[in-house]
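Have a look at the structure below before the remarks.
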Amino acid sequence: MVARSLKCRGDLHGRPGCEMWATLVVARIRDREGNRDGCSAGGGKTMTYPLGWPVVTQSLMQRERWPGDYNSRGVPLVRPGQEVQADQAVMLLEKPDIAEAATGFPHAVSPSASYAGLSPSSEGAQIDCRYMQETVLAGMRGQVVDITHRGGVIIETRAAVIQGVIGAGNQVAGVLTVWNAGSSFPLPGNRPAEAGAILVIPGPLNYATLRQATGAGIVGVVASSISSRDLEDFLRANVIALINSNDVERAQAHLPSITLLFTEGLGTIAMPARTINLLRRYHGSIALLSGATSIRRSIFPELVISLAAREVQHNWRPVQPDPTLTIGSRVRICSGSHEGVTGEINYFFTHQQTFESDIRGRAAHLSLEDGSSLVIALAIIERIG
């Protein structure tokens, strides 16, 4: 098992602007098949993402629709075998509310909300069961296959999936909205998207933008990266402790009510063109976003975008991502000074190579997108296509 080092900027040791490596063991468990220094010259297997690649254009999967809240309970509105649409209500989530001793309908509750055991017309009624009900949309198009003991709805869907390195927040559904870099956002007073949207920012995110998105009613943000300081300041939590938590839902309970996914992790790393293009392709579609990250339980953030009926043909076959490193594989460098750079493997070196750090290891020769070439250690590359 090799720890993935996520590059981050921040004053972790009281030195403003210092460059550090925060070694976060995230979804970077690499199966070396008995080879401790990387893949063999003939290729090897690197299990870097639960689905194999960070971006999967076609996948058949099952996901439980459950918006978190460990002390809530769900009342399913659908049954196994039923076909559902992404914008269809599939459950009522009963969430505990602050205890009220007052009689009648609580004046602080909007008319769209309802309480178990009490309706607006229940004059003089005492609240005996303080659960506020919230309608939960499917967020996925597909077939219901099961109902969990807590009332969650498991849906099988054919979808495009983007998997992140790190994230935070409960599962949310919203309209995927790609921010146009030519717009004036994030200047004060400008709304990046309608309330309830999942905002895509194809670049690094910062604290100020997060605060503005929260104020605009955005339910989720997908971005390339963020500094560790900005993320911790916004979440008001220690990132290392958060992603090391074994009780995922309890860990998310005290975070801000916006879900985050970072495709590249911590730092100021750009989003790969392949990821941006896929997100733009599905601009305006309803998607399901989960930011929960737990090393101990191998849970990582993901964005699920159900394919439209016209995209699912009779001869449709899900993509089976192969993480094996072979000649011709498209790969991304996941650590070091070239982190985030993508290229294609030309050949594997038979003998170990010596790198700038004076460390020797297995290596490959890459042809990069800009036409240049690079010799890189196998231990820090991951297959993306």
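Quick note on naming: the chains in the structure tokens go A, B, ... in the order shown, residues restart at 1 in each chain, and ligands are numbered from 1 in order of appearance.
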Residues of region 250-290 of chain A in strand (DSSP E or B), written as a PDB file with C-alpha atoms, in the first residue's frame:
```pdb
ATOM      1  CA  THR A 259     -21.393  19.222  -0.705  1.00  0.00           C
ATOM      2  CA  LEU A 260     -17.897  19.423  -2.203  1.00  0.00           C
ATOM      3  CA  LEU A 261     -15.922  17.274  -4.624  1.00  0.00           C
ATOM      4  CA  PHE A 262     -12.362  17.988  -5.748  1.00  0.00           C
ATOM      5  CA  THR A 263     -11.207  16.009  -8.740  1.00  0.00           C
ATOM      6  CA  GLU A 264      -7.492  16.641  -8.157  1.00  0.00           C
ATOM      7  CA  GLY A 265      -7.328  17.088  -4.387  1.00  0.00           C
ATOM      8  CA  LEU A 266      -5.502  19.750  -2.378  1.00  0.00           C
ATOM      9  CA  ILE A 286     -29.770  16.402 -12.936  1.00  0.00           C
ATOM     10  CA  ALA A 287     -26.864  14.725 -11.151  1.00  0.00           C
ATOM     11  CA  LEU A 288     -26.206  13.059  -7.804  1.00  0.00           C
ATOM     12  CA  LEU A 289     -23.223  14.341  -5.825  1.00  0.00           C
ATOM     13  CA  SER A 290     -21.654  12.789  -2.746  1.00  0.00           C
TER      14      SER A 290
END
```
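For Ile305 (chain A), the set of protein, DNA and RNA residues having any atom at most 8 Å away, when counting only C-alpha atoms and skipping those fewer than 2 positions along the same chain, is Met140, Ala159, Ala160, Val161, Tyr282, Ser285, Ile286, Ala287, Leu288, Leu303 and Leu307 of chain A.
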Using only C-alpha atoms, determine which residues lie at most 10 Å from Gln252 (chain A), disregarding the query and same-chain residues fewer than 5 positions distant; provide the list as a ChimeraX atom specification. /A:68-70,168-170,235,242,245,247,257,259,291-293
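Among the candidates A:Glu94, A:Glu302, A:Asp87, A:Glu194, the residue lying nearest to Val222 (chain A) is A:Glu302 (atoms considered: only C-alpha atoms).
Counting from CA of Ala237 (chain A), the distance to CA of Pro256 (chain A) is 10.3 Å.
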Check the smallest atom-to-atom distance from each of A:Ala363, A:Leu278, A:Leu93, A:Ala208 to Gln58 (chain A) using only C-alpha atoms, then report the winner. A:Leu278
From the options A:Gly385, A:Gly196, A:Gly142, A:Pro202, which residue's atoms come nearest to Met61 (chain A), counting only C-alpha atoms? A:Gly142
Closest of A:Gly220, A:Glu311, A:Ala377, A:Arg297 to Ile333 (chain A), counting only C-alpha atoms, is A:Ala377
Set the distance at 6 Å and use only C-alpha atoms: which residues neighbour Arg332 (chain A) once local chain neighbours fewer than 4 positions away are removed? I'd like the list as a VMD selection string. chain A and resid 341 to 342 381 to 382
Let's have the selection written as a compact mmCIF listing (two decimals), in the first residue's frame, with C-alpha atoms.
```txt
# COMPACT_ATOMS: atom_id res chain seq x y z
CA VAL A 341 -0.03 16.30 -16.27
CA THR A 342 -1.41 13.63 -18.61
CA ILE A 381 1.15 7.56 -12.32
CA GLU A 382 -2.40 6.30 -12.67
```
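Across the structure, CA of Ile243 (chain A) and CA of Ile258 (chain A) are spaced 16.7 Å apart.
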For region 143-152 of chain A, find every residue with an atom within 9 Å (counting only C-alpha atoms), except residues of its own chain fewer than 5 positions away, and show them as a list in words. Gln62, Glu64, Arg65, Trp66, Pro67, Ser72, Arg73, Gly74, Val75, Pro76, Val78, Arg79, Pro80, Gly81, Gln82, Glu83, Val84, Gln85, Met91, Leu92, Leu93 and Thr157 of chain A
Okay, now the selection with N, CA and C atoms, as a PDB file, in the first residue's frame?
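Okay, result_23.pdb is ready:
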```
ATOM      1  N   GLN A  62     -25.211   0.497  -8.956  1.00  0.00           N
ATOM      2  CA  GLN A  62     -26.289   0.632  -7.988  1.00  0.00           C
ATOM      3  C   GLN A  62     -25.822   1.565  -6.881  1.00  0.00           C
ATOM      4  N   GLU A  64     -27.302   3.780  -3.294  1.00  0.00           N
ATOM      5  CA  GLU A  64     -28.390   4.065  -2.368  1.00  0.00           C
ATOM      6  C   GLU A  64     -28.644   5.562  -2.333  1.00  0.00           C
ATOM      7  N   ARG A  65     -29.887   5.939  -2.543  1.00  0.00           N
ATOM      8  CA  ARG A  65     -30.258   7.353  -2.406  1.00  0.00           C
ATOM      9  C   ARG A  65     -30.532   7.594  -0.940  1.00  0.00           C
ATOM     10  N   TRP A  66     -29.571   8.214  -0.301  1.00  0.00           N
ATOM     11  CA  TRP A  66     -29.694   8.515   1.120  1.00  0.00           C
ATOM     12  C   TRP A  66     -28.930   9.807   1.399  1.00  0.00           C
ATOM     13  N   PRO A  67     -29.634  10.873   1.761  1.00  0.00           N
ATOM     14  CA  PRO A  67     -28.991  12.177   1.912  1.00  0.00           C
ATOM     15  C   PRO A  67     -28.261  12.397   3.231  1.00  0.00           C
ATOM     16  N   SER A  72     -31.690  10.529  11.064  1.00  0.00           N
ATOM     17  CA  SER A  72     -32.946  10.689  10.324  1.00  0.00           C
ATOM     18  C   SER A  72     -33.484   9.331   9.905  1.00  0.00           C
ATOM     19  N   ARG A  73     -34.678   9.336   9.380  1.00  0.00           N
ATOM     20  CA  ARG A  73     -35.277   8.102   8.884  1.00  0.00           C
ATOM     21  C   ARG A  73     -36.038   8.405   7.596  1.00  0.00           C
ATOM     22  N   GLY A  74     -36.044   7.435   6.706  1.00  0.00           N
ATOM     23  CA  GLY A  74     -36.676   7.636   5.411  1.00  0.00           C
ATOM     24  C   GLY A  74     -37.974   6.883   5.273  1.00  0.00           C
ATOM     25  N   VAL A  75     -38.903   7.502   4.567  1.00  0.00           N
ATOM     26  CA  VAL A  75     -40.175   6.861   4.231  1.00  0.00           C
ATOM     27  C   VAL A  75     -40.219   6.743   2.713  1.00  0.00           C
ATOM     28  N   PRO A  76     -39.959   5.549   2.164  1.00  0.00           N
ATOM     29  CA  PRO A  76     -39.896   5.397   0.705  1.00  0.00           C
ATOM     30  C   PRO A  76     -41.231   5.677   0.036  1.00  0.00           C
ATOM     31  N   VAL A  78     -41.437   4.833  -3.293  1.00  0.00           N
ATOM     32  CA  VAL A  78     -41.372   3.938  -4.451  1.00  0.00           C
ATOM     33  C   VAL A  78     -41.190   2.507  -3.958  1.00  0.00           C
ATOM     34  N   ARG A  79     -41.246   1.567  -4.893  1.00  0.00           N
ATOM     35  CA  ARG A  79     -41.120   0.151  -4.528  1.00  0.00           C
ATOM     36  C   ARG A  79     -40.104  -0.520  -5.460  1.00  0.00           C
ATOM     37  N   PRO A  80     -39.512  -1.626  -5.038  1.00  0.00           N
ATOM     38  CA  PRO A  80     -38.578  -2.349  -5.901  1.00  0.00           C
ATOM     39  C   PRO A  80     -39.219  -2.739  -7.228  1.00  0.00           C
ATOM     40  N   GLY A  81     -38.460  -2.594  -8.304  1.00  0.00           N
ATOM     41  CA  GLY A  81     -38.955  -2.901  -9.644  1.00  0.00           C
ATOM     42  C   GLY A  81     -39.506  -1.697 -10.368  1.00  0.00           C
ATOM     43  N   GLN A  82     -39.716  -0.606  -9.652  1.00  0.00           N
ATOM     44  CA  GLN A  82     -40.299   0.588 -10.259  1.00  0.00           C
ATOM     45  C   GLN A  82     -39.235   1.405 -10.979  1.00  0.00           C
ATOM     46  N   GLU A  83     -39.571   1.922 -12.161  1.00  0.00           N
ATOM     47  CA  GLU A  83     -38.682   2.819 -12.895  1.00  0.00           C
ATOM     48  C   GLU A  83     -38.863   4.242 -12.367  1.00  0.00           C
ATOM     49  N   VAL A  84     -37.767   4.943 -12.162  1.00  0.00           N
ATOM     50  CA  VAL A  84     -37.837   6.302 -11.634  1.00  0.00           C
ATOM     51  C   VAL A  84     -37.027   7.245 -12.511  1.00  0.00           C
ATOM     52  N   GLN A  85     -37.407   8.512 -12.481  1.00  0.00           N
ATOM     53  CA  GLN A  85     -36.684   9.572 -13.181  1.00  0.00           C
ATOM     54  C   GLN A  85     -35.848  10.359 -12.181  1.00  0.00           C
ATOM     55  N   MET A  91     -38.522   9.530  -1.698  1.00  0.00           N
ATOM     56  CA  MET A  91     -38.692   9.299  -0.261  1.00  0.00           C
ATOM     57  C   MET A  91     -39.012  10.594   0.462  1.00  0.00           C
ATOM     58  N   LEU A  92     -39.570  10.426   1.643  1.00  0.00           N
ATOM     59  CA  LEU A  92     -39.713  11.518   2.584  1.00  0.00           C
ATOM     60  C   LEU A  92     -38.685  11.297   3.677  1.00  0.00           C
ATOM     61  N   LEU A  93     -37.842  12.272   3.890  1.00  0.00           N
ATOM     62  CA  LEU A  93     -36.831  12.163   4.932  1.00  0.00           C
ATOM     63  C   LEU A  93     -37.348  12.860   6.175  1.00  0.00           C
ATOM     64  N   THR A 157     -28.638   2.289 -12.147  1.00  0.00           N
ATOM     65  CA  THR A 157     -28.645   3.294 -13.207  1.00  0.00           C
ATOM     66  C   THR A 157     -27.485   3.089 -14.156  1.00  0.00           C
TER      67      THR A 157
END
```
